[in-house]
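Beneath this line is the structure, given in structure tokens, with notes to follow.
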Amino acid sequence: YDGGGKFDKSFNEAAYNGAEMFKAEGGAYQDLEISGDAMREQAIRQFASRGNNPIVMPGFSWETALKTVAPEFPDTKFTIIDTVVDLPNVQSVVFKEQEGSYLVGILAAMKSESGKIGVVPAFNFDLLEAFACGYAQGAKSVNPDIEVLETYVGTGFEAFNDPGKATEVAKSQLDQGADVIFQVAGGAGAGVLQAAADAGKFGIGVDSNQNHLHPGSVLTSMVKRVDVATYNAMKGVEDGTWAPGVIVLGLAEDGVGAAFDDNNASLITDDMKAAVEKASADIISGAVTVHDFRTDKACPSL
Amino acid sequence: MESYLVDITLILDSTVRLAVPLILACLAGLYSERAGIVDIGLEGKLLAGAFAAASMSAVTGSAWLGLLAGIGAALMFSGIHGLASINFKGNQTISGVALNFLAAGLTTFLGQSWFKRGGYTPQLSGDQRFNPITLPFAEQLREVPILGQIYFELISGHNIITYFAFIAVPVTAWVLFRTRFGLRLRAVGENPKAIDTAGISVTRLRYQALIITAVLVGIGGAYLSIAQSAGFNNNMSAGRGYIALAALIFAKWRPGPALLVCLMFGFLDAVQFRIQGQVFPIIGEVPVQAIQALPYILTVILLAGFIGRAVAPKASGIPYTKER
Amino acid sequence: MTPLPRWADVVLLPLLNVVLAFLVGGLIVLAVGQNPLQAVGIMLYGAFGYGSGFGYTLYYTTDFIFAGLAVSLAYHAGLFNIGPEGQAYVGGLGVILLGLALNGAHWAIVFPLMIICGGAFGALWAFVPGYLQAKRGSHVVITTILFNFIATSMMGFLISRVLKPVGVNSDESAPLEAITRVPQLRTFIELFKNSPVNLTFFLAIIALFFIYWLIWRTKFGYAVRALGQNPVAANYAGISNQKMIMIVMAMSGVLAAMVAVNNVGGVQGRLILNFVNGAGFVGIAVAFMGRGHPVGVGLSALLFGILYQGGQELAFQMPGITREMIVTIQALVILFTGAMGDMLRAPLARLLARSSSPTGAK
Amino acid sequence: MTSLHPTNAQRSEGTAAAPLAIELVGINKHFGPVHANRDIHLAIRRGTVHGIVGENGAGKSTLMSILYGFYTADSGEIRVNGTPAHITDSRHALALGIGMVHQHFMLVDNFSVLENVVLGAEDSAFLAPTLNKARTQLKALARDYGLEVDPDAIIENLSVGQQQRVEILKALYRGAETLILDEPTGVLTPDEADHLFRILGKLREEGKTIILITHKLREIMAITDEVSVMRQGAMVKTLNTKETSPGELAELMVGRRVLLRVEKGPASPGKVLLDVEDLVVTDDFKVPRVKGVSFQVRAGEIVGIAGVAGNGQSELLESIAGMRDQLLGTIRLNGEVLSLEGDDGAARARAAGLAHVPEDRLRMGLVTTFSEWENSILGYQHSYGSGAGLDIAKARATAEEYIKKFDIRPPNLDLKTANFSGGNQQKIVLAREMERNPDVLIVGQPTRGVDIGAIEFIHNQIIKMRDAGKAILLVSVELDEIRSLADRILVIFDGKIVGEADPATADETELGLLMTGSHAGDVGTVSEPGTLAPHETPVQQTLTQMSPQDNSGKDPNQ
Ligand SMILES: Nc1ncnc2c1ncn2[C@@H]1O[C@H](COP(=O)(O)OP(=O)(O)OP(=O)(O)O)[C@@H](O)[C@H]1O
Ligand SMILES: Nc1ncnc2c1ncn2[C@@H]1O[C@H](COP(=O)(O)OP(=O)(O)OP(=O)(O)O)[C@@H](O)[C@H]1O
Ligand SMILES: [Mg+2]
Ligand SMILES: [Mg+2]
């Protein structure tokens with residue numbers, strides 16, 4: 001697992017859920033939370049040398065370590081999530097976060113009455129910017145005049161663990177008039193959703209479906225199917241369908257999306273649902289392309 | 001004009017919320033340092049308090065029991081601190097550091113084995129938390145220009161711990177400077193021999209100080225997990241114990257200034273959230289990290305520019321040894 | 001109270017304390033239904049049992065020696081430097097800038113320059129609090145804490161916005177070429193296969209000797225200690241307190257920055273976010289446990305190295321024991337060996353006195 | 001046990017009538033290997049002033065700390081008013097009416113007088129009533145005993161004499177019937193000492209019992225009714241003061257009879273070595289303390305600066321020694337202007353040939369956590385070793401030499417300096433500063449808290465240096481000391497030199513008046529009961545004292 005810990009209620013937890021899914025079907029796995037970057041190489045190596053196969057690493061931070069270790073274990077299959085490692089025994093799974101975020105952006109803009117919405121990333125960081133940028137594009141596609149506030153919780157990885165500050169950040173956006181806030185802050189995001197719920201406004205979850213956290217207040221969640229990716233990797237090796245290379249999971253592949261369930265059914269009007277479906281279709285068909293922040297480190301809409 | 005006022009009250013409101021855990025931790029540190037015990041373990045005590053409060057509240061459904069548990073956990077930590085630094089005359093700083101490690105490890109560890117959520121406690125809601133209290137007439141007075149606005153937004157609508165923290169400041173000042181206990185407390189931090197030759201037990205006095213420290217910091221921890229947030233989260237104290245310590249030194253170990261310094265930290269943070277990403281006249285867009293570092297940079301400047309040398313209680317950090 | 005014999009003071013007592021810490025830790029392990037003896041066995045095996053495990057132990061030890069020395073040196077001058085974390089972080093900037101500037105050059109040229117350049121950055125980051133303490137009376141404890149926070153912001157910005165090459169997902173600088181990196185010991189010694197311990201380890205050992213020499217064998221060290229023990233007397237002795245504070249803080253920063261040489265130059269080969277990972281804070285514990293003496297610092301750094309690496313092994317092997325458990329055990333070790341180090345002194349002295357009196361009194 | 005009661009047996013008859021306030025029976029106390037009190041028996045009668053004398057380390061303070069419950073005796077019994085009392089802590093002692101003024105004051109520096117007085121004796125949980133009560137009571141005490149202090153003054157702003165009054169007030173406020181004073185006059189000016197003794201006299205009249213520890217036999221003779229002599233942890237004898245003499249006491253203290261006084265020939269001043277011109281110096285709070293002082297010290301002369309503590313002497317000394325920047329004026333050493341820029345001026349002063357024995361050895365002159373040899377080079381560390389390294393062997397050799405020459409005990413150069421007695425600590429400083437053959441020596445309070453044997457030795461060393469052609473500036477609050485050593489006396493008051501006198505002819509009262517900056521009309525108040533006899537000039541002094549060479553014969557630590 002990546003920094004932030006196994007049960008961050010979003011990214012890592014999704015991977016865990018995927019593994020559990022696999023286990024529920026009779027598979028077995030071993031896992032580990034790392035406590036420092038220096039451990040990464042060591043961790044992969046230890047797993048590999050114990051014959052674990054495949055080894056799933058959720059998080060781009062594993063990239064460097066994997067590049068070093070993977071060649072040492074040519075027979076072990078590695079799956080890395082969120083970044084690309086170009087090696088013959090590595091499968092890289094990346095998501096088009098911007099696409100899923102685009103959809104929740106649409107929902108946010110349609111829900112917003114104030115013409116102001118917010119996004120709260122943990123800290124200033126490219127991956128998180130991709131979420132924020134997609135979100136802003138989606139929102140502007142509905143309402144070009146909408147104002148998107150972006151406020152960071154902290155300055156480094158520890159920000160993923162500070163719900164207290166995240167609450168305060170969300171409150172500052174609410175104070176400024178935002179009425180829908182998208183959290184991109186892992187564990188700290190709970191604070192954002194809490195603040196939105198307390199204020200009677202709306203939050204948007206991330207990575208896992210977080211709609212259930214505050215039913216009626218979490219507008220939707222930008223789900224990123226890390227669980228599916230994890231499950232597929234494990235299952236794939238078992239079935240023999242695992243293949244190296246890059247797997248890009250976007251809307252088309254059902255790798256990202258906006259979550260609809262009973263918890264938010266009352267919040268989503270048919271119009272909204274329709275708009276999401278249309279955008280989704282447009283993106284899949286290529287009629288609409290969502291700009292990816294990571295390509296040029298810039299966001300035209302934010 | 002009106003909207004500026006609203007903005008300002010909202011920022012101040014946020015200031016208050018951010019400052020509360022600092023105020024409590026800072027006052028907590030004040031008692032122990034005034035008694036001659038350097039407390040770098042505030043961070044750990046805060047974290048332990050936060051964890052115990054959230055756990056108890058999650059299990060029993062009562063925020064008040066959670067608060068008690070938070071205090072209890074901080075008391076246990078203070079007990080260890082006292083044992084190490086008062087009875088065994090160990091280094092106070094290192095026992096503080098040990099407490100910080102202990103809290104970081106133990107909270108997640110216990111949380112994981114109790115709640116199976118990787119150290120997180122379950123999400124708390126309703127009575128499991130301390131919710132905002134609307135003070136009498138707040139709604140009615142809301143329409144009164146300016147004052148009503150301030151009363152409604154700034155003064156009313158906080159949780160009980162917030163009010164407690166603000167009351168604790170004058171109470172601390174009063175205890176420290178107007179009571180027998182306060183007199184002895186200050187004396188033991190300055191010259192424990194004077195206390196000893198006056199026939200008063202240094203050990204007892206220092207333990208009493210540590211108990212108060214624990215109560216305050218335990219409440220501060222509870223604030224983090226069951227008032228400000230809705231549940232415990234790994235390392236959620238996020239350096240606030242250290243900041244409180246810095247604030248204490250900044251305030252030269254006095255309660256009034258301690259309040260002001262904590263509010264200043266809170267204020268700078270509250271402002272910082274709001275000016276992120278703003279385009280400034282002349283300077284243009286400032287990197288968000290620079291804005292985030294602003295509170296700390298400003299503090300350094302203030303410290304260097306305006307505050308003279310801080311003279312710590314003289315006996316602070318030195319275990320009291322009496323030859324027998 | 002009769003004092004303990006020297007051997008008991010320097011060997012037996014610390015040993016008993018460590019044992020005590022492990023006993024209490026063992027109880028906790030037992031409480032979660034795991035076998036503590038097995039846990040200790042795995043831990044020791046992980047730390048020493050095989051080549052790369054041992055290499056990791058030494059790698060962690062390297063970090064802790066530097067951070068511990070940084071805190072100790074300042075402490076000898078009466079300064080409590082809580083900032084090695086930030087100083088090491090900023091030192092990383094110096095290391096990578098130098099490394100990238102000379103990227104491709106042979107490490108034998110780059111290594112010494114890395115030490116100097118990284119050291120200079122770390123020194124600067126510690127010098128400012130030192131300057132503020134000396135000239136403005138701003139308490140170095142606060143300023144170093146604040147500088148840790150400022151370092152996080154600043155480095156976050158520099159890494160993710162300035163140093164990060166296009167097309168890389170992780171927030172990290174461009175990598176150093178293999179030849180430019182501080183060579184890892186595994187390239188010379190087969191034993192250390194796969195472990196990151198590198199030449200910086202020897203630098204750490206040299207630093208231990210150097211600091212010993214500096215503090216107890218030089219005029220400068222004499223002045224440092226005089227300042228730390230009695231600033232008024234130091235002033236009386238013609239020692240410039242202000243200059244000494246600034247110099248010592250800067251030197252402390254240099255030592256802290258060597259953590260960056262180890263990690264950025266020797267292990268990661270690039271600058272990543274938060275590479276210091278708490279080593280600076282562990283340094284505080286190491287310094288106090290080692291009582292500021294290089295021998296003590298070396299030993300307690302090793303102890304922490306064992307705990308880190310052995311704990312890592314433990315987390316692999318015993319799923320019931322997580323990384324938090326290890327942190328808890330570390331806390332116990334700090335508590336029993338450092339903070340309550342004298343707890344057993346009195347009983348031990350009594351015991352020794354009793355056992356020696358029948359032979360002593362004829 | 002009761003068979004060996006040397007003290008009781010030897011007690012002079014005729015005074016046995018009064019009831020006993022305190023009785024110590026067979027007190028023993030060890031500090032590790034040191035047997036600090038050996039089977040002490042002591043009886044103190046109510047309503048008397050009882051002196052205790054003994055050389056440094058004889059065990060006087062230890063004994064009193066036991067009586068006060070601060071230390072616990074290994075064995076023995078304490079009887080208060082005839083009843084055995086098991087005194088376990090100071091509160092206990094206080095409850096039994098025993099108060100103590102410690103050698104090193106036990107005051108909280110940043111508290112007010114009032115707060116210090118009530119500390120530990122508060123009536124209720126809230127301070128206000130106690131403070132009010134204490135305020136009225138202090139007023140009464142001030143009136144009754146002449147113990148004036150501003151109740152709201154902060155301790156650190158008070159002179160030592162006033163701090164001592166606070167200590168006495170503390171004890172009296174707690175209703176002390178027996179008052180222990182440990183070396184109370186060590187830091188007082190003659191005036192302050194006189195005042196103290198007047199107070200003690202009044203207390204005795206009130207029926208209070210006073211135990212007085214002092215190194216000054218003159219004081220013993222002047223104020224006590226009985227005097228006990230301690231040597232090397234044991235009680236040697238208790239005498240009726242009227243029936244003894246300083247000579248006998250000194251002999252009892254050291255175990256043999258010796259006759260000595262400060263032997264000093266006439267000075268033969270040479271060229272000016274230290275030249276201070278229009279010096280203005282401020283203290284830490286930027287308040288001017290030295291306000292335009294000019295004087296010269298020539299080779300081969302001792303210039304004494306007399307004055308009540310706190311009149312700028314400290315700042316003057318520190319400024320000349322390079323530790324404190326001057327605001328205005330010039331200091332010339334050997335004709336060269338001494339620049340004091342920066343905070344390492346002391347190094348330049350030393351380089352220019354100045355040595356400095358500071359007033360406060362613990363705060364300034366020593367790093368008490370350093371070993372003896374390390375302190376033997378403090379300030380001169382640069383001359384040990386050529387490069388960066390410290391030549392430890394050379395430093396140790398030097399320390400060894402100093403130990404021999406100055407008879408520093410114990411002769412252990414690895415012992416932490418904190419564990420040396422005050423007198424020996426002083427010798428470490430003196431040896432270091434005198435033995436490097438400086439041109440100018442400035443000395444502050446050279447014999448503060450030092451026993452008579454060591455005083456003699458130190459005085460002789462200072463005179464030897466003068467005779468070797470050095471310029472010596474001596475600052476002391478002990479008028480006696482200045483008069484016996486100095487060739488010229490300058491009187492400092494409020495940061496200015498207000499007069500100059502020749503020690504041989506100077507009139508005591510006149511000097512005293514100069515020192516307090518008052519007019520001649522104030523004379524005459526000194527003749528109240530309990531006042532000291534007029535100070536004798538050194539030539540008239542025929543004290544039996546130890547000679548330096550006899551020092552080798554005694555060793556309190558054996
Ligand atoms: N705290 C202590 N620890 C160890 N030994 C001590 C301590 N205090 C005193 N001693 C020992 O007890 C002996 C008596 O010391 P004490 O202070 O009573 O002497 P004193 O008669 O008061 O001397 P002075 O005239 O210098 O005040 C000393 O020689 C010393 O060896
Ligand atoms: N902590 C200690 N441990 C061991 N010995 C001590 C300690 N403190 C003092 N001593 C011993 O106590 C003796 C006297 O100590 P003390 O502090 O009473 O000085 P002193 O005799 O009062 O000197 P002075 O009268 O000149 O001030 C010395 O022989 C010293 O070695
Ligand atoms: Mg004494
Ligand atoms: Mg003494």
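Chain lettering (A, B, ...) mirrors the order of the structure tokens, residue numbering begins at 1 for each chain separately, and ligand numbering begins at 1 in order of display.
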
For this session: Just need the residues of chain D within 7 Å of chain C, counting only C-alpha atoms, so spit them out as a list in words.
Result: Gly32, Met323, Asp343, Asp344, Gly345, Ala346, Ala347, Arg363, Met364, Gly365, Leu366, Val367, Thr369, Leu378, Gly379, Gln381, His382, Ala388, Gly389 and Leu390 of chain D

Include C-alpha atoms and write out the residues we just selected as a short mmCIF file (atom, residue, chain, number, x, y, z; two decimals), in the first residue's frame.
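Output file part33.cif is given in full below:
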data_model
loop_
_atom_site.label_atom_id
_atom_site.label_comp_id
_atom_site.auth_asym_id
_atom_site.auth_seq_id
_atom_site.Cartn_x
_atom_site.Cartn_y
_atom_site.Cartn_z
CA GLY D 32 29.08 8.58 50.29
CA MET D 323 33.14 41.10 29.07
CA ASP D 343 31.37 39.59 22.72
CA ASP D 344 34.86 38.10 22.85
CA GLY D 345 36.55 41.14 24.35
CA ALA D 346 37.73 39.04 27.28
CA ALA D 347 40.07 37.18 24.95
CA ARG D 363 28.47 32.01 37.79
CA MET D 364 31.42 33.29 35.89
CA GLY D 365 34.79 31.98 36.82
CA LEU D 366 34.14 28.28 36.59
CA VAL D 367 32.26 25.79 34.54
CA THR D 369 30.51 20.61 35.40
CA LEU D 378 39.47 28.37 31.13
CA GLY D 379 40.17 31.52 29.19
CA GLN D 381 42.55 27.34 26.21
CA HIS D 382 44.15 28.86 23.13
CA ALA D 388 42.99 23.11 16.41
CA GLY D 389 43.73 20.38 18.90
CA LEU D 390 43.80 20.92 22.62
#

Exercise. Which residues form the shell of 6 Å around ligand 2 when you count only C-alpha atoms and all ligand atoms, given as a PyMOL selection string?
Worked result: chain D and resi 56-57+419-423+449-450+557

Write to file, as an mmCIF file, in the first residue's frame, the residues of the selection just made, with all heavy atoms.
data_model
loop_
_atom_site.group_PDB
_atom_site.id
_atom_site.type_symbol
_atom_site.label_atom_id
_atom_site.label_comp_id
_atom_site.auth_asym_id
_atom_site.auth_seq_id
_atom_site.Cartn_x
_atom_site.Cartn_y
_atom_site.Cartn_z
ATOM 1 N N ASN D 56 36.405 25.516 56.180
ATOM 2 C CA ASN D 56 35.560 25.065 55.085
ATOM 3 C C ASN D 56 35.433 23.551 55.091
ATOM 4 O O ASN D 56 36.419 22.836 55.228
ATOM 5 C CB ASN D 56 36.141 25.472 53.719
ATOM 6 C CG ASN D 56 36.053 26.970 53.487
ATOM 7 O OD1 ASN D 56 36.951 27.562 52.920
ATOM 8 N ND2 ASN D 56 34.974 27.576 53.935
ATOM 9 N N GLY D 57 34.233 23.106 54.968
ATOM 10 C CA GLY D 57 34.025 21.662 54.886
ATOM 11 C C GLY D 57 34.014 20.971 56.232
ATOM 12 O O GLY D 57 34.032 19.754 56.301
ATOM 13 N N ASN D 419 32.288 19.721 42.856
ATOM 14 C CA ASN D 419 32.496 18.951 44.075
ATOM 15 C C ASN D 419 33.659 19.443 44.921
ATOM 16 O O ASN D 419 34.023 18.809 45.890
ATOM 17 C CB ASN D 419 32.694 17.473 43.735
ATOM 18 C CG ASN D 419 31.410 16.863 43.222
ATOM 19 O OD1 ASN D 419 30.353 17.478 43.328
ATOM 20 N ND2 ASN D 419 31.499 15.689 42.650
ATOM 21 N N PHE D 420 34.242 20.566 44.534
ATOM 22 C CA PHE D 420 35.235 21.174 45.409
ATOM 23 C C PHE D 420 34.516 22.140 46.328
ATOM 24 O O PHE D 420 33.449 22.665 45.998
ATOM 25 C CB PHE D 420 36.271 21.938 44.580
ATOM 26 C CG PHE D 420 37.300 21.054 43.935
ATOM 27 C CD1 PHE D 420 37.059 20.476 42.705
ATOM 28 C CD2 PHE D 420 38.502 20.778 44.570
ATOM 29 C CE1 PHE D 420 37.996 19.651 42.117
ATOM 30 C CE2 PHE D 420 39.443 19.957 43.993
ATOM 31 C CZ PHE D 420 39.195 19.385 42.757
ATOM 32 N N SER D 421 35.102 22.381 47.488
ATOM 33 C CA SER D 421 34.492 23.356 48.383
ATOM 34 C C SER D 421 34.746 24.750 47.831
ATOM 35 O O SER D 421 35.611 24.963 46.993
ATOM 36 C CB SER D 421 35.097 23.236 49.770
ATOM 37 O OG SER D 421 36.397 23.776 49.756
ATOM 38 N N GLY D 422 33.961 25.683 48.332
ATOM 39 C CA GLY D 422 34.062 27.046 47.830
ATOM 40 C C GLY D 422 35.473 27.590 47.888
ATOM 41 O O GLY D 422 35.952 28.223 46.946
ATOM 42 N N GLY D 423 36.143 27.342 48.994
ATOM 43 C CA GLY D 423 37.500 27.858 49.143
ATOM 44 C C GLY D 423 38.432 27.274 48.106
ATOM 45 O O GLY D 423 39.255 27.972 47.510
ATOM 46 N N GLY D 449 33.233 33.880 51.316
ATOM 47 C CA GLY D 449 32.869 32.544 51.792
ATOM 48 C C GLY D 449 34.030 31.608 52.019
ATOM 49 O O GLY D 449 33.858 30.403 52.061
ATOM 50 N N VAL D 450 35.229 32.168 52.154
ATOM 51 C CA VAL D 450 36.406 31.321 52.266
ATOM 52 C C VAL D 450 36.878 31.341 53.722
ATOM 53 O O VAL D 450 36.779 32.367 54.390
ATOM 54 C CB VAL D 450 37.500 31.872 51.325
ATOM 55 C CG1 VAL D 450 38.832 31.224 51.586
ATOM 56 C CG2 VAL D 450 37.065 31.681 49.878
ATOM 57 N N ASN D 557 39.216 16.723 54.079
ATOM 58 C CA ASN D 557 38.580 15.626 53.365
ATOM 59 C C ASN D 557 39.134 14.260 53.735
ATOM 60 O O ASN D 557 38.745 13.252 53.181
ATOM 61 C CB ASN D 557 38.716 15.842 51.860
ATOM 62 C CG ASN D 557 37.795 16.956 51.404
ATOM 63 O OD1 ASN D 557 36.659 17.038 51.853
ATOM 64 N ND2 ASN D 557 38.308 17.833 50.572
#

Problem set entry | Contact residues (chain B, partner chain A, 8 Å, only C-alpha atoms) as number ranges by chain | B: 7, 10-11, 14, 17-18, 117-120, 123, 224-225, 228-230, 233-238, 270, 273-274, 276-277, 288-289, 292

Could you give me, as a CSV table (one decimal) with N, CA and C atoms, in the first residue's frame, every polymer residue with an atom at most 8 Å away from an atom of ligand 1, counting only C-alpha atoms and all ligand atoms?
chain,number,residue,atom,x,y,z
B,323,GLU,N,19.6,15.5,48.1
B,323,GLU,CA,20.6,14.6,48.7
B,323,GLU,C,20.0,14.2,50.0
D,30,HIS,N,26.7,10.8,56.7
D,30,HIS,CA,27.7,10.5,55.6
D,30,HIS,C,27.2,11.0,54.3
D,31,PHE,N,28.1,11.5,53.5
D,31,PHE,CA,27.8,11.6,52.0
D,31,PHE,C,28.7,10.7,51.3
D,32,GLY,N,28.2,9.6,50.9
D,32,GLY,CA,29.1,8.6,50.3
D,32,GLY,C,30.2,8.3,51.3
D,34,VAL,N,32.3,10.4,52.5
D,34,VAL,CA,32.6,11.5,53.4
D,34,VAL,C,31.8,11.4,54.7
D,35,HIS,N,32.5,11.5,55.7
D,35,HIS,CA,31.8,11.5,57.0
D,35,HIS,C,31.6,12.9,57.5
D,36,ALA,N,30.5,13.5,57.1
D,36,ALA,CA,30.4,15.0,57.2
D,36,ALA,C,30.1,15.4,58.6
D,37,ASN,N,29.4,14.6,59.4
D,37,ASN,CA,29.2,14.9,60.8
D,37,ASN,C,29.5,13.6,61.6
D,53,VAL,N,31.7,27.9,64.5
D,53,VAL,CA,32.9,28.2,63.6
D,53,VAL,C,33.5,26.9,63.2
D,54,GLY,N,34.3,27.0,62.1
D,54,GLY,CA,35.1,25.8,61.6
D,54,GLY,C,35.5,26.1,60.2
D,55,GLU,N,36.6,25.4,59.8
D,55,GLU,CA,37.0,25.8,58.5
D,55,GLU,C,36.1,25.2,57.4
D,56,ASN,N,36.4,25.5,56.2
D,56,ASN,CA,35.6,25.1,55.1
D,56,ASN,C,35.4,23.6,55.1
D,57,GLY,N,34.2,23.1,55.0
D,57,GLY,CA,34.0,21.7,54.9
D,57,GLY,C,34.0,21.0,56.2
D,58,ALA,N,34.0,21.7,57.3
D,58,ALA,CA,34.0,21.1,58.6
D,58,ALA,C,32.7,20.4,59.0
D,59,GLY,N,31.6,20.8,58.2
D,59,GLY,CA,30.4,20.1,58.4
D,59,GLY,C,29.3,21.0,59.1
D,60,LYS,N,29.6,22.2,59.1
D,60,LYS,CA,28.6,23.1,59.8
D,60,LYS,C,27.3,23.2,59.1
D,61,SER,N,27.4,23.4,57.8
D,61,SER,CA,26.1,23.6,57.0
D,61,SER,C,25.4,22.3,57.0
D,62,THR,N,26.1,21.2,57.0
D,62,THR,CA,25.4,19.9,57.0
D,62,THR,C,24.6,19.7,58.3
D,63,LEU,N,25.3,20.0,59.4
D,63,LEU,CA,24.6,19.9,60.7
D,63,LEU,C,23.3,20.7,60.7
D,64,MET,N,23.4,21.9,60.3
D,64,MET,CA,22.3,22.8,60.3
D,64,MET,C,21.2,22.3,59.4
D,103,GLN,N,23.0,29.4,53.4
D,103,GLN,CA,24.2,30.1,52.9
D,103,GLN,C,23.9,30.6,51.5
D,182,ASP,N,23.3,30.7,58.2
D,182,ASP,CA,24.5,30.1,57.7
D,182,ASP,C,25.4,31.1,56.9
D,183,GLU,N,26.5,31.5,57.5
D,183,GLU,CA,27.4,32.5,56.9
D,183,GLU,C,26.6,33.7,56.4
D,213,ILE,N,26.4,30.8,62.0
D,213,ILE,CA,27.6,30.2,61.4
D,213,ILE,C,28.4,31.3,60.7
D,214,THR,N,29.7,31.5,61.0
D,214,THR,CA,30.4,32.5,60.3
D,214,THR,C,31.9,32.1,60.3
D,215,HIS,N,32.6,32.7,59.4
D,215,HIS,CA,34.1,32.5,59.3
D,215,HIS,C,34.8,33.7,60.0
D,230,MET,N,33.9,23.4,65.2
D,230,MET,CA,33.9,22.2,64.6
D,230,MET,C,35.2,22.0,63.8
D,232,GLN,N,36.7,19.0,60.9
D,232,GLN,CA,36.7,17.8,60.2
D,232,GLN,C,35.5,16.9,60.6
D,233,GLY,N,34.3,17.5,60.7
D,233,GLY,CA,33.1,16.8,60.9
D,233,GLY,C,32.8,16.5,62.4
D,419,ASN,N,32.3,19.7,42.9
D,419,ASN,CA,32.5,19.0,44.1
D,419,ASN,C,33.7,19.4,44.9
D,421,SER,N,35.1,22.4,47.5
D,421,SER,CA,34.5,23.4,48.4
D,421,SER,C,34.7,24.8,47.8
D,422,GLY,N,34.0,25.7,48.3
D,422,GLY,CA,34.1,27.0,47.8
D,422,GLY,C,35.5,27.6,47.9
D,423,GLY,N,36.1,27.3,49.0
D,423,GLY,CA,37.5,27.9,49.1
D,423,GLY,C,38.4,27.3,48.1
D,449,GLY,N,33.2,33.9,51.3
D,449,GLY,CA,32.9,32.5,51.8
D,449,GLY,C,34.0,31.6,52.0
D,450,VAL,N,35.2,32.2,52.2
D,450,VAL,CA,36.4,31.3,52.3
D,450,VAL,C,36.9,31.3,53.7
D,451,ASP,N,37.4,30.2,54.2
D,451,ASP,CA,37.8,30.2,55.6
D,451,ASP,C,39.1,30.9,55.9
D,556,PRO,N,40.7,18.6,55.4
D,556,PRO,CA,39.3,18.3,55.9
D,556,PRO,C,38.7,17.1,55.2
D,557,ASN,N,39.2,16.7,54.1
D,557,ASN,CA,38.6,15.6,53.4
D,557,ASN,C,39.1,14.3,53.7

Problem set entry | Residues near segment 327-342 of chain C, cut-off 8 Å, only C-alpha atoms, skip fewer than 4 positions along chain, as a PyMOL selection string | (chain B and resi 84-85+88-92+94-95+97-106) or (chain C and resi 13-14+17-18+20-22+24-25+285+288-289+304+307+323+346)

Give one line per residue of chain B that approaches chain D to at most 10 Å, naming the two atoms of the closest pair and their distance in Å to one decimal, counting only C-alpha atoms; sort by chain then ascending residue number and deliver it as a tab-separated table.
residue	atom	partner	partner_atom	distance
B:Trp174	CA	D:Phe126	CA	9.8
B:Val175	CA	D:Phe126	CA	8.7
B:Phe177	CA	D:Leu127	CA	8.3
B:Arg178	CA	D:Leu127	CA	5.4
B:Thr179	CA	D:Phe126	CA	4.3
B:Arg180	CA	D:Ala125	CA	5.0
B:Phe181	CA	D:Ala125	CA	6.9
B:Gly182	CA	D:Leu127	CA	9.0
B:Leu183	CA	D:Leu119	CA	7.1
B:Arg184	CA	D:Leu119	CA	6.7
B:Arg186	CA	D:Phe111	CA	8.9
B:Ala187	CA	D:Val108	CA	6.2
B:Val188	CA	D:Val108	CA	8.7
B:Gly189	CA	D:Val108	CA	9.4
B:Glu190	CA	D:Val108	CA	6.3
B:Asn191	CA	D:Val108	CA	5.7
B:Pro192	CA	D:Val108	CA	8.7
B:Lys193	CA	D:Met106	CA	6.3
B:Ala194	CA	D:Met106	CA	4.5
B:Ile195	CA	D:Gly120	CA	7.1
B:Asp196	CA	D:Ser90	CA	7.2
B:Thr197	CA	D:Ser90	CA	5.4
B:Ala198	CA	D:Gly120	CA	5.4
B:Gly199	CA	D:Arg91	CA	3.7
B:Ile200	CA	D:Gly120	CA	6.5
B:Ser201	CA	D:Asp89	CA	9.2
B:Pro313	CA	D:Asn110	CA	9.6
B:Lys314	CA	D:Asp109	CA	9.4
B:Lys322	CA	D:Tyr71	CA	8.4
B:Glu323	CA	D:Tyr71	CA	7.0
B:Arg324	CA	D:Tyr71	CA	5.4
